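For reference, structure.tsv (TSV, C-alpha atoms):
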```
chain	number	residue	atom	x	y	z
A	387	MET	CA	4.56	-102.82	54.55
A	388	LYS	CA	1.02	-104.16	54.24
A	389	ILE	CA	0.69	-105.93	50.90
A	390	VAL	CA	-2.60	-107.18	49.41
A	391	VAL	CA	-2.31	-109.73	46.61
A	392	ILE	CA	-5.31	-110.59	44.46
A	393	CYS	CA	-4.91	-113.85	42.55
A	394	HIS	CA	-7.29	-116.51	41.28
A	395	TYR	CA	-4.90	-119.43	42.01
A	396	PHE	CA	-3.32	-120.27	45.36
A	397	PRO	CA	-2.29	-123.41	47.32
A	398	PRO	CA	-3.42	-126.10	47.89
A	399	GLU	CA	-3.88	-125.73	44.12
A	400	ILE	CA	-0.74	-126.75	42.28
A	401	GLY	CA	0.89	-125.12	39.29
A	402	ALA	CA	3.13	-122.19	38.46
A	403	PRO	CA	0.74	-119.33	39.36
A	404	SER	CA	-0.07	-120.56	42.86
A	405	ALA	CA	3.55	-121.56	43.60
A	406	ARG	CA	4.88	-118.19	42.48
A	407	ILE	CA	2.53	-116.13	44.65
A	408	TYR	CA	2.76	-118.42	47.68
A	409	GLU	CA	6.56	-118.52	47.72
A	410	MET	CA	6.90	-114.77	47.13
A	411	ALA	CA	4.36	-113.99	49.86
A	412	LYS	CA	5.96	-116.41	52.32
A	413	HIS	CA	9.33	-114.74	51.88
A	414	TRP	CA	7.82	-111.26	52.21
A	415	VAL	CA	6.33	-112.32	55.55
A	416	GLU	CA	9.71	-113.68	56.66
A	417	LEU	CA	11.17	-110.26	55.85
A	418	GLY	CA	8.72	-108.58	58.25
A	419	ASN	CA	5.81	-107.58	56.02
A	420	GLU	CA	2.08	-108.18	56.49
A	421	VAL	CA	0.68	-110.02	53.48
A	422	HIS	CA	-2.98	-110.60	52.64
A	423	VAL	CA	-3.87	-112.88	49.72
A	424	VAL	CA	-7.36	-112.56	48.26
A	425	THR	CA	-8.19	-115.71	46.32
A	426	CYS	CA	-11.03	-118.13	45.65
A	427	PHE	CA	-11.85	-121.53	47.11
A	428	PRO	CA	-9.40	-124.11	45.71
A	429	ASN	CA	-10.79	-126.07	42.77
A	430	HIS	CA	-8.21	-126.01	39.96
A	431	PRO	CA	-7.88	-128.08	37.78
A	432	THR	CA	-10.67	-130.54	38.66
A	433	GLY	CA	-13.43	-128.04	39.47
A	434	ILE	CA	-14.00	-129.85	42.79
A	435	ILE	CA	-14.01	-127.70	45.93
A	436	PRO	CA	-12.70	-129.52	49.05
A	437	GLN	CA	-15.31	-130.41	51.66
A	438	GLU	CA	-14.13	-127.82	54.22
A	439	TYR	CA	-14.92	-124.99	51.80
A	440	LYS	CA	-18.20	-126.19	50.35
A	441	LYS	CA	-21.36	-124.08	50.75
A	442	LYS	CA	-19.36	-121.06	51.94
A	443	ARG	CA	-19.10	-117.56	50.53
A	444	TYR	CA	-15.98	-116.54	52.43
A	445	LYS	CA	-13.37	-118.07	54.71
A	446	TYR	CA	-10.31	-116.57	56.41
A	447	GLU	CA	-7.26	-118.67	57.25
A	448	THR	CA	-3.51	-118.31	57.68
A	449	ILE	CA	-0.82	-120.26	55.82
A	450	ASP	CA	2.81	-119.79	56.92
A	451	GLY	CA	2.02	-116.33	58.26
A	452	ILE	CA	0.10	-115.28	55.13
A	453	ASN	CA	-3.43	-113.95	55.73
A	454	VAL	CA	-5.58	-115.80	53.19
A	455	HIS	CA	-9.06	-114.57	52.29
A	456	ARG	CA	-10.92	-117.22	50.28
A	457	ASN	CA	-14.02	-116.28	48.32
A	458	TYR	CA	-16.88	-117.89	46.44
A	459	VAL	CA	-16.17	-119.11	42.91
A	460	TYR	CA	-18.24	-120.83	40.27
A	461	ALA	CA	-16.10	-123.96	40.25
A	462	THR	CA	-15.62	-125.80	36.98
A	463	PRO	CA	-13.02	-128.20	35.54
A	464	ASN	CA	-10.18	-126.65	33.53
A	465	LYS	CA	-11.96	-127.09	30.19
A	466	GLY	CA	-14.70	-125.27	28.37
A	467	PHE	CA	-14.04	-121.60	27.61
A	468	ILE	CA	-17.44	-120.26	28.64
A	469	LYS	CA	-17.62	-122.09	31.96
A	470	LYS	CA	-14.05	-121.12	32.87
A	471	THR	CA	-14.83	-117.50	32.03
A	472	LEU	CA	-17.90	-117.60	34.27
A	473	GLY	CA	-15.67	-118.90	37.06
A	474	HIS	CA	-13.25	-116.03	36.58
A	475	ILE	CA	-16.06	-113.47	36.57
A	476	SER	CA	-17.62	-114.94	39.73
A	477	PHE	CA	-14.35	-114.42	41.60
A	478	MET	CA	-14.08	-110.88	40.26
A	479	PHE	CA	-17.32	-110.02	42.08
A	480	SER	CA	-16.90	-112.18	45.21
A	481	SER	CA	-13.39	-110.92	45.94
A	482	VAL	CA	-14.74	-107.37	46.16
A	483	LEU	CA	-18.00	-108.21	47.93
A	484	PHE	CA	-16.58	-110.45	50.67
A	485	SER	CA	-12.92	-109.55	51.16
A	486	MET	CA	-12.50	-105.84	50.57
A	487	LYS	CA	-14.18	-104.74	53.79
A	488	LYS	CA	-12.09	-107.23	55.80
A	489	ILE	CA	-8.72	-105.63	54.92
A	490	LYS	CA	-7.94	-102.27	56.52
A	491	LYS	CA	-5.39	-99.70	55.32
A	492	PRO	CA	-3.12	-101.59	52.93
A	493	ASP	CA	-0.02	-99.93	51.46
A	494	VAL	CA	-0.17	-101.49	48.01
A	495	ILE	CA	-2.48	-103.68	45.92
A	496	LEU	CA	-0.84	-106.32	43.70
A	497	THR	CA	-2.92	-108.22	41.16
A	498	SER	CA	-1.57	-111.29	39.37
A	499	SER	CA	-3.05	-112.06	35.96
A	500	PRO	CA	-4.33	-114.25	34.44
A	501	THR	CA	-7.12	-114.31	35.08
A	502	PHE	CA	-7.96	-111.11	33.22
A	503	PHE	CA	-10.96	-110.33	35.40
A	504	SER	CA	-8.84	-110.30	38.56
A	505	ILE	CA	-7.27	-107.12	37.18
A	506	ILE	CA	-10.63	-105.37	37.47
A	507	SER	CA	-10.94	-106.48	41.10
A	508	GLY	CA	-7.45	-105.22	41.91
A	509	TYR	CA	-7.94	-101.87	40.25
A	510	TYR	CA	-11.24	-101.36	42.08
A	511	PHE	CA	-9.58	-102.34	45.38
A	512	SER	CA	-6.86	-99.75	44.80
A	513	LEU	CA	-9.38	-96.99	44.05
A	514	ARG	CA	-11.46	-97.75	47.15
A	515	LYS	CA	-8.43	-98.08	49.43
A	516	LYS	CA	-6.65	-95.11	47.76
A	517	VAL	CA	-3.35	-96.97	47.40
A	518	PRO	CA	-1.03	-97.79	44.46
A	519	PHE	CA	-2.01	-100.53	42.03
A	520	VAL	CA	0.74	-102.91	40.86
A	521	LEU	CA	-0.08	-105.33	38.06
A	522	GLU	CA	1.72	-108.63	37.41
A	523	ILE	CA	1.29	-110.13	33.95
A	524	ARG	CA	2.06	-113.84	33.48
A	525	ASP	CA	0.23	-114.11	30.15
A	526	LEU	CA	-0.41	-111.62	27.34
A	527	TRP	CA	-4.18	-111.91	27.34
A	528	PRO	CA	-6.18	-111.91	25.03
A	529	ALA	CA	-3.27	-112.32	22.58
A	530	ALA	CA	-2.62	-115.88	23.78
A	531	MET	CA	-6.27	-116.85	23.34
A	532	ILE	CA	-6.28	-115.50	19.78
A	533	GLU	CA	-3.10	-117.34	18.76
A	534	LEU	CA	-4.35	-120.60	20.29
A	535	GLY	CA	-7.58	-120.29	18.33
A	536	VAL	CA	-9.78	-120.08	21.44
A	537	MET	CA	-10.99	-116.59	20.45
A	538	LYS	CA	-11.22	-114.95	17.04
A	539	LYS	CA	-9.90	-111.45	16.51
A	540	GLY	CA	-12.80	-109.02	16.27
A	541	ILE	CA	-14.87	-106.51	18.22
A	542	ILE	CA	-14.62	-108.38	21.54
A	543	THR	CA	-10.87	-108.96	21.40
A	544	ASN	CA	-10.28	-105.35	20.30
A	545	LEU	CA	-12.27	-104.18	23.33
A	546	LEU	CA	-10.33	-106.50	25.62
A	547	GLU	CA	-7.02	-105.23	24.25
A	548	LYS	CA	-8.10	-101.64	24.91
A	549	MET	CA	-9.04	-102.63	28.48
A	550	GLU	CA	-5.68	-104.39	28.82
A	551	LEU	CA	-3.76	-101.23	27.84
A	552	PHE	CA	-5.99	-99.10	30.10
A	553	PHE	CA	-5.00	-101.15	33.16
A	554	TYR	CA	-1.34	-101.18	32.11
A	555	GLU	CA	-1.41	-97.39	32.02
A	556	LYS	CA	-3.26	-97.07	35.33
A	557	SER	CA	-0.82	-99.32	37.21
A	558	LYS	CA	1.89	-97.69	39.28
A	559	SER	CA	4.27	-100.50	38.29
A	560	LEU	CA	4.04	-103.43	35.88
A	561	VAL	CA	5.77	-106.73	36.59
A	562	MET	CA	6.38	-109.03	33.64
A	563	VAL	CA	7.67	-112.61	33.80
A	564	THR	CA	9.74	-112.39	30.60
A	565	LYS	CA	11.82	-109.78	28.78
A	566	SER	CA	9.73	-110.41	25.68
A	567	PHE	CA	6.55	-109.46	27.55
A	568	LYS	CA	8.20	-106.18	28.60
A	569	ASN	CA	9.23	-105.44	25.02
A	570	ASN	CA	5.68	-106.14	23.87
A	571	VAL	CA	4.01	-103.63	26.19
A	572	VAL	CA	6.72	-100.98	25.79
A	573	ASN	CA	6.33	-101.20	22.00
A	574	ARG	CA	2.61	-100.59	22.55
A	575	GLY	CA	3.27	-97.31	24.33
A	576	ILE	CA	3.74	-98.21	28.01
A	577	ASP	CA	6.50	-96.28	29.83
A	578	SER	CA	9.49	-98.63	30.11
A	579	GLU	CA	10.56	-97.04	33.42
A	580	LYS	CA	7.63	-98.60	35.25
A	581	VAL	CA	7.94	-102.07	33.67
A	582	HIS	CA	10.01	-104.62	35.62
A	583	VAL	CA	10.97	-108.16	34.68
A	584	ILE	CA	10.78	-110.70	37.51
A	585	THR	CA	10.94	-114.16	36.03
A	586	ASN	CA	9.65	-117.33	37.57
A	587	GLY	CA	12.18	-119.17	39.67
A	588	VAL	CA	12.46	-122.13	41.98
A	589	ASN	CA	12.30	-122.88	45.69
A	590	GLN	CA	15.41	-124.99	46.21
A	591	ASP	CA	14.23	-126.02	49.67
A	592	LEU	CA	11.67	-128.16	47.80
A	593	PHE	CA	13.33	-128.86	44.46
A	594	TYR	CA	16.80	-130.37	44.73
A	595	PRO	CA	18.58	-133.58	43.60
A	596	LYS	CA	17.70	-136.75	45.48
A	597	LYS	CA	17.52	-140.49	44.89
A	598	LYS	CA	14.74	-142.08	42.88
A	599	ASN	CA	11.51	-142.68	44.79
A	600	LEU	CA	11.24	-146.48	44.92
A	601	SER	CA	7.58	-146.41	45.93
A	602	ILE	CA	6.73	-144.51	42.72
A	603	ILE	CA	8.74	-147.00	40.67
A	604	GLU	CA	6.94	-149.93	42.30
A	605	LYS	CA	3.47	-148.37	42.18
A	606	TYR	CA	3.65	-147.62	38.45
A	607	ASP	CA	5.69	-150.67	37.45
A	608	LEU	CA	8.72	-148.68	36.26
A	609	GLN	CA	11.47	-151.09	37.30
A	610	ALA	CA	14.45	-151.16	34.91
A	611	LYS	CA	12.91	-148.39	32.80
A	612	PHE	CA	14.44	-145.23	31.38
A	613	ILE	CA	11.70	-142.89	32.63
A	614	VAL	CA	10.70	-139.93	30.44
A	615	SER	CA	8.26	-137.63	32.24
A	616	TYR	CA	5.98	-134.76	31.41
A	617	VAL	CA	4.60	-132.98	34.47
A	618	GLY	CA	2.02	-130.20	34.20
A	619	ALA	CA	-1.12	-129.04	32.45
A	620	HIS	CA	-2.53	-131.24	29.70
A	621	GLY	CA	-3.82	-128.37	27.55
A	622	ILE	CA	-3.69	-127.05	24.01
A	623	SER	CA	-0.60	-124.95	24.78
A	624	GLN	CA	1.60	-128.04	25.29
A	625	ASN	CA	0.33	-129.97	22.23
A	626	LEU	CA	1.03	-133.27	23.99
A	627	SER	CA	-0.25	-135.25	21.00
A	628	THR	CA	3.26	-134.62	19.62
A	629	ILE	CA	4.76	-136.39	22.65
A	630	LEU	CA	2.42	-139.35	22.10
A	631	LYS	CA	3.77	-139.58	18.54
A	632	VAL	CA	7.27	-139.57	20.03
A	633	ALA	CA	6.32	-142.39	22.41
A	634	LYS	CA	4.82	-144.39	19.54
A	635	GLY	CA	8.01	-143.91	17.55
A	636	LEU	CA	10.12	-145.24	20.42
A	637	GLU	CA	7.99	-148.29	21.27
A	638	HIS	CA	10.69	-150.61	19.93
A	639	ASN	CA	12.94	-149.42	22.80
A	640	ASN	CA	11.45	-151.71	25.44
A	641	ASP	CA	13.22	-150.00	28.33
A	642	ILE	CA	11.81	-146.48	27.67
A	643	GLU	CA	8.60	-145.54	29.48
A	644	PHE	CA	6.73	-142.23	29.24
A	645	ILE	CA	4.73	-140.90	32.21
A	646	PHE	CA	2.28	-138.00	31.92
A	647	ILE	CA	1.47	-136.43	35.30
A	648	GLY	CA	-1.30	-133.84	35.61
A	649	GLU	CA	-4.75	-132.84	34.42
A	650	GLY	CA	-6.19	-130.54	31.79
A	651	ALA	CA	-8.68	-129.95	29.01
A	652	GLU	CA	-6.89	-132.28	26.58
A	653	LYS	CA	-6.27	-135.22	28.91
A	654	GLU	CA	-9.26	-137.36	27.93
A	655	LYS	CA	-8.47	-136.79	24.25
A	656	LEU	CA	-4.85	-137.84	24.83
A	657	ILE	CA	-5.88	-141.01	26.68
A	658	ASP	CA	-8.26	-141.90	23.84
A	659	MET	CA	-5.48	-141.28	21.32
A	660	ALA	CA	-3.09	-143.55	23.22
A	661	ASN	CA	-5.72	-146.29	23.49
A	662	ASN	CA	-6.85	-146.06	19.86
A	663	GLN	CA	-3.27	-146.28	18.60
A	664	SER	CA	-2.31	-148.97	21.15
A	665	ILE	CA	0.62	-146.91	22.42
A	666	SER	CA	2.00	-149.31	25.02
A	667	ASN	CA	4.82	-147.28	26.63
A	668	VAL	CA	2.77	-144.43	28.16
A	669	LYS	CA	1.19	-144.11	31.60
A	670	PHE	CA	-1.21	-141.32	32.57
A	671	ILE	CA	-1.00	-140.36	36.25
A	672	GLU	CA	-3.39	-138.09	38.13
A	673	SER	CA	-2.39	-134.62	39.34
A	674	GLN	CA	-0.06	-134.74	42.34
A	675	SER	CA	0.42	-132.62	45.46
A	676	LYS	CA	3.10	-129.95	45.41
A	677	GLU	CA	5.30	-132.06	47.69
A	678	MET	CA	5.16	-135.02	45.30
A	679	ILE	CA	6.17	-133.11	42.17
A	680	PRO	CA	9.93	-133.12	43.02
A	681	GLU	CA	9.63	-136.84	43.81
A	682	PHE	CA	8.37	-137.50	40.28
A	683	TYR	CA	11.06	-135.29	38.76
A	684	ASN	CA	13.82	-137.03	40.70
A	685	THR	CA	12.46	-140.43	39.74
A	686	SER	CA	12.66	-139.43	36.07
A	687	ASP	CA	15.74	-140.02	33.95
A	688	LEU	CA	14.68	-137.22	31.62
A	689	SER	CA	11.89	-134.65	31.61
A	690	LEU	CA	10.13	-132.98	28.68
A	691	ILE	CA	9.10	-129.36	28.19
A	692	PRO	CA	6.97	-129.07	25.03
A	693	LEU	CA	5.16	-126.00	23.70
A	694	LYS	CA	2.87	-125.66	20.71
A	695	ASN	CA	4.49	-124.10	17.64
A	696	ILE	CA	2.98	-120.61	17.62
A	697	GLU	CA	4.76	-117.26	17.45
A	698	LEU	CA	3.54	-115.97	20.83
A	699	PHE	CA	5.11	-118.88	22.71
A	700	LYS	CA	8.56	-117.59	21.77
A	701	THR	CA	7.93	-115.05	24.54
A	702	PHE	CA	7.03	-117.67	27.19
A	703	ILE	CA	9.27	-119.16	29.89
A	704	PRO	CA	7.69	-122.33	31.37
A	705	SER	CA	8.35	-122.22	35.11
A	706	LYS	CA	8.72	-126.01	35.28
A	707	MET	CA	12.10	-125.77	33.60
A	708	PHE	CA	13.63	-124.17	36.70
A	709	GLU	CA	12.19	-126.89	38.94
A	710	ILE	CA	13.51	-129.67	36.72
A	711	MET	CA	16.97	-128.11	36.52
A	712	ALA	CA	17.04	-127.66	40.30
A	713	CYS	CA	16.43	-131.41	40.67
A	714	GLY	CA	19.35	-132.17	38.38
A	715	VAL	CA	17.21	-133.95	35.78
A	716	PRO	CA	18.20	-133.69	32.09
A	717	ILE	CA	15.69	-131.85	29.90
A	718	VAL	CA	14.59	-132.22	26.31
A	719	ALA	CA	12.70	-129.04	25.42
A	720	SER	CA	10.78	-128.51	22.19
A	721	LEU	CA	10.33	-124.75	22.07
A	722	GLU	CA	11.82	-121.52	20.77
A	723	GLY	CA	12.56	-117.98	21.91
A	724	GLU	CA	13.50	-116.72	25.35
A	725	ALA	CA	13.05	-120.07	27.13
A	726	ALA	CA	15.26	-121.80	24.55
A	727	GLU	CA	17.98	-119.20	25.11
A	728	ILE	CA	17.92	-119.76	28.88
A	729	LEU	CA	17.99	-123.55	28.53
A	730	GLU	CA	20.88	-123.47	26.08
A	731	GLN	CA	22.76	-121.11	28.41
A	732	SER	CA	22.18	-123.53	31.31
A	733	LYS	CA	23.83	-126.46	29.51
A	734	ALA	CA	21.26	-128.63	31.31
A	735	SER	CA	19.02	-129.29	28.32
A	736	ILE	CA	18.83	-130.31	24.68
A	737	VAL	CA	16.58	-127.91	22.76
A	738	VAL	CA	14.80	-128.84	19.52
A	739	ASP	CA	12.15	-127.14	17.42
A	740	PRO	CA	8.57	-127.27	18.73
A	741	ASP	CA	6.35	-130.09	17.42
A	742	ASN	CA	9.41	-131.80	15.92
A	743	VAL	CA	8.68	-135.48	16.55
A	744	GLU	CA	11.88	-136.76	14.96
A	745	GLY	CA	14.01	-134.17	16.78
A	746	ILE	CA	12.51	-135.04	20.18
A	747	MET	CA	12.98	-138.77	19.57
A	748	ASN	CA	16.63	-138.31	18.57
A	749	ALA	CA	17.31	-136.09	21.60
A	750	ILE	CA	15.83	-138.66	24.01
A	751	ILE	CA	17.94	-141.44	22.51
A	752	LYS	CA	21.05	-139.25	22.60
A	753	VAL	CA	20.62	-138.44	26.30
A	754	LYS	CA	19.87	-142.09	27.09
A	755	ASN	CA	22.90	-143.50	25.28
A	756	ASP	CA	25.55	-140.83	25.90
A	757	LYS	CA	26.47	-141.30	29.57
A	758	ALA	CA	28.96	-138.40	29.63
A	759	LEU	CA	26.34	-136.02	28.20
A	760	TYR	CA	23.75	-137.35	30.66
A	761	GLU	CA	25.99	-136.61	33.66
A	762	ASP	CA	26.84	-133.13	32.35
A	763	LEU	CA	23.17	-132.23	31.96
A	764	LYS	CA	22.41	-133.49	35.48
A	765	ARG	CA	25.29	-131.57	37.05
A	766	ASN	CA	24.75	-128.22	35.33
A	767	GLY	CA	21.10	-127.60	36.26
A	768	PRO	CA	21.21	-127.02	40.05
A	769	ASP	CA	24.17	-124.61	39.91
A	770	PHE	CA	22.59	-122.60	37.10
A	771	VAL	CA	19.28	-121.98	38.88
A	772	GLU	CA	21.00	-121.21	42.19
A	773	LYS	CA	22.97	-118.42	40.52
A	774	ASN	CA	20.18	-117.01	38.36
A	775	TYR	CA	16.69	-118.11	39.39
A	776	SER	CA	16.51	-118.51	43.17
A	777	ARG	CA	12.95	-117.69	44.27
A	778	TYR	CA	14.22	-115.97	47.42
A	779	LYS	CA	16.48	-113.60	45.49
A	780	LEU	CA	13.65	-112.79	43.09
A	781	ALA	CA	11.26	-112.18	46.01
A	782	GLU	CA	13.63	-109.64	47.50
A	783	TYR	CA	13.82	-107.71	44.25
A	784	TYR	CA	10.02	-107.91	43.93
A	785	LEU	CA	9.66	-106.43	47.42
A	786	LYS	CA	11.82	-103.50	46.34
A	787	VAL	CA	9.49	-102.86	43.38
A	788	LEU	CA	6.45	-102.91	45.69
A	789	SER	CA	8.15	-100.63	48.20
A	790	GLU	CA	9.02	-98.09	45.52
A	791	ALA	CA	5.41	-98.18	44.26
```
I need this file expressed as structure tokens, please.
Amino acid sequence: MKIVVICHYFPPEIGAPSARIYEMAKHWVELGNEVHVVTCFPNHPTGIIPQEYKKKRYKYETIDGINVHRNYVYATPNKGFIKKTLGHISFMFSSVLFSMKKIKKPDVILTSSPTFFSIISGYYFSLRKKVPFVLEIRDLWPAAMIELGVMKKGIITNLLEKMELFFYEKSKSLVMVTKSFKNNVVNRGIDSEKVHVITNGVNQDLFYPKKKNLSIIEKYDLQAKFIVSYVGAHGISQNLSTILKVAKGLEHNNDIEFIFIGEGAEKEKLIDMANNQSISNVKFIESQSKEMIPEFYNTSDLSLIPLKNIELFKTFIPSKMFEIMACGVPIVASLEGEAAEILEQSKASIVVDPDNVEGIMNAIIKVKNDKALYEDLKRNGPDFVEKNYSRYKLAEYYLKVLSEA
């Protein structure tokens, strides 16, 4: 089967969207399929395009057998709604202008969203190539933007919601990353027979238990520390100011150190907050390569998964939780809904209410002081994800959905 995937994010960019598509595509190639990924020049989250891609409109390359078609994008840091939207729109046009004529006779077009505008590219591709259109939804957009306060409900959001439902209806199959997302679109009139749930998962060739990385400990002066990490986007969705309050509340525990790894729209604000309040037990570390992420997880004694306290996030499943569990690192998660149910089922995490500073503090201290609990949490994670969230098993099911389409 010849599969064309249209997605805004792809390696060497890090993060859940690029990891999901790359690992799925890699496995599809291993199973004998021809995969073409149409994406933009890497720039997320810094907005900086690597030197080898600068001043180009299009570049073809192969990564692990995947045919990668990179296209022009208006590159901008991951902050500022208008500039980010312009970046998304620029890829919508460039993906069609520069890549469509390069790919001959595909069997199926798969578009992964967000970004929303990539859906338009994918649908147009499918019409021109006269092949089925499969749509993957990793975010209910624009609903998420409305609940986060980035957009106000009105004429524009109503129009976007109508466009959203139009593309749902036009797709041959819909792939959702959570059961809650499926329920949402089915309740809005989409045929449940064509909606499939394929959650995020984990590549256990990359994420698995190993010893602490001594070079990380030495570099960031973490000797004799109980290391509490947050790895990922520093955005409004995570509400990391809550975690800074937690760190401030635990300053009297001299052996606890918090490390924040990643970039995002809120990072400068968080650094200013930490400096202004003289929070002494926090280190901010720049975004890391994909290969280094498991090193930071395995060097952690505990890892945090926070989400902002809004109703929509009850439907979200942060992909990082599978990676952390696969590494055998205890989790303290401050969230509700489907993700909370999975984490409680795993017996690899303590779950508290979102934005609950006192609850997060108590959970960290409990994991730190209760050695039997700590060992149970470590042991339960890898087995749970192997049985339920192996990326390879999910990729095989995904391939069946594409084949049927």
Next item on the list: Rank nothing, just name the residue among A:Lys465, A:His474, A:Arg574, A:Lys669 nearest to Thr432 of chain A, using only C-alpha atoms.
Entry: A:Lys465
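Going from atom CA of Leu626 of chain A to atom CA of Glu643 of chain A covers 15.4 Å.
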Next item on the list: Dump as an MDAnalysis selection string all residues having an atom at most 12 Å from (1.2, -119.7, 58.5), computed in the file's coordinates with only C-alpha atoms.
Entry: chainID A and resid 408 411:413 415:416 420:422 447:454
Include C-alpha atoms and write out the residues we just selected as a PDB file, in the coordinates of the input.
```
ATOM      1  CA  TYR A 408       2.760-118.420  47.680  1.00  0.00           C
ATOM      2  CA  ALA A 411       4.360-113.990  49.860  1.00  0.00           C
ATOM      3  CA  LYS A 412       5.960-116.410  52.320  1.00  0.00           C
ATOM      4  CA  HIS A 413       9.330-114.740  51.880  1.00  0.00           C
ATOM      5  CA  VAL A 415       6.330-112.320  55.550  1.00  0.00           C
ATOM      6  CA  GLU A 416       9.710-113.680  56.660  1.00  0.00           C
ATOM      7  CA  GLU A 420       2.080-108.180  56.490  1.00  0.00           C
ATOM      8  CA  VAL A 421       0.680-110.020  53.480  1.00  0.00           C
ATOM      9  CA  HIS A 422      -2.980-110.600  52.640  1.00  0.00           C
ATOM     10  CA  GLU A 447      -7.260-118.670  57.250  1.00  0.00           C
ATOM     11  CA  THR A 448      -3.510-118.310  57.680  1.00  0.00           C
ATOM     12  CA  ILE A 449      -0.820-120.260  55.820  1.00  0.00           C
ATOM     13  CA  ASP A 450       2.810-119.790  56.920  1.00  0.00           C
ATOM     14  CA  GLY A 451       2.020-116.330  58.260  1.00  0.00           C
ATOM     15  CA  ILE A 452       0.100-115.280  55.130  1.00  0.00           C
ATOM     16  CA  ASN A 453      -3.430-113.950  55.730  1.00  0.00           C
ATOM     17  CA  VAL A 454      -5.580-115.800  53.190  1.00  0.00           C
TER      18      VAL A 454
END
```
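Using all atoms listed in the file, the shortest contact distance between Glu555 of chain A and any of A:Ala619, A:Leu693, A:Val572, A:Ile542 is found at A:Val572.
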Item checked: Distance criterion (all atoms listed in the file): nearest to Tyr778 of chain A out of A:Gln590, A:Glu727, A:Glu697, A:Val738 -> A:Gln590
Next item on the list: Pick out the closest residue to Pro463 of chain A from this set: A:Ile671, A:Asn544, A:His638, A:Lys653. Count only C-alpha atoms.
Entry: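 Among the listed residues, the smallest separation from Pro463 of chain A belongs to A:Lys653.
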Next item on the list: List the neighbours of Lys568 of chain A out to 8 Å using only C-alpha atoms; skip same-chain residues closer than 4 positions along the sequence, and give me the result as a VMD selection string.
Entry: chain A and resid 562 564 572 578 581 to 583
Next item on the list: List the neighbours of segment 645-652 of chain A out to 8 Å using only C-alpha atoms; skip same-chain residues closer than 5 positions along the sequence, and give me the result as a list in words.
Entry: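 That gives Pro431, Thr432, Asn464, Lys465, Gly466, Ile613, Val614, Ser615, Tyr616, Val617, Gly618, Ala619, His620, Gly621, Ile622, Val668, Lys669, Phe670, Ile671, Glu672, Ser673 and Gln674 of chain A.
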Checklist line | Minimum-distance residue to Pro492 of chain A, chosen among A:Lys779, A:Lys558, A:Lys605, A:Lys388 (using only C-alpha atoms) | finding: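 Using only C-alpha atoms, Pro492 of chain A sits closest to A:Lys388.
Distances to Lys754 of chain A were evaluated for A:Thr685, A:Asn573, A:Asn639, A:Thr471 using all atoms listed in the file, and the minimum falls at A:Asn639.
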Item checked: Atomic distance atom CA of Ile400 of chain A - atom CA of Lys676 of chain A, expressed in Å with one decimal ->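 Straight-line distance from atom CA of Ile400 of chain A to atom CA of Lys676 of chain A works out to 5.9 Å.
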Notebook entry, point to check: What's the 7 Å shell around Gly473 of chain A, counting only C-alpha atoms, without same-chain residues fewer than 6 positions away, as a list of chain:residue names?
Noted result: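 In the requested form, the answer reads A:Val459, A:Tyr460, A:Ala461, A:Thr462.
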Check: Hey, can you check how far atom CA of Lys764 of chain A sits from atom CA of Met711 of chain A?
Finding: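 Atom-to-atom, atom CA of Lys764 of chain A and atom CA of Met711 of chain A are spaced 7.7 Å apart.
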As lines of an AutoDock Vina configuration file, please report the centre and edge lengths, rounded to one decimal in Å, of the axis-aligned box that holds all listed atoms of segment 443-453 of chain A with 4 Å of padding on each of the six sides.
```
center_x = -8.1
center_y = -117.1
center_z = 54.4
size_x = 29.9
size_y = 14.3
size_z = 15.7
```
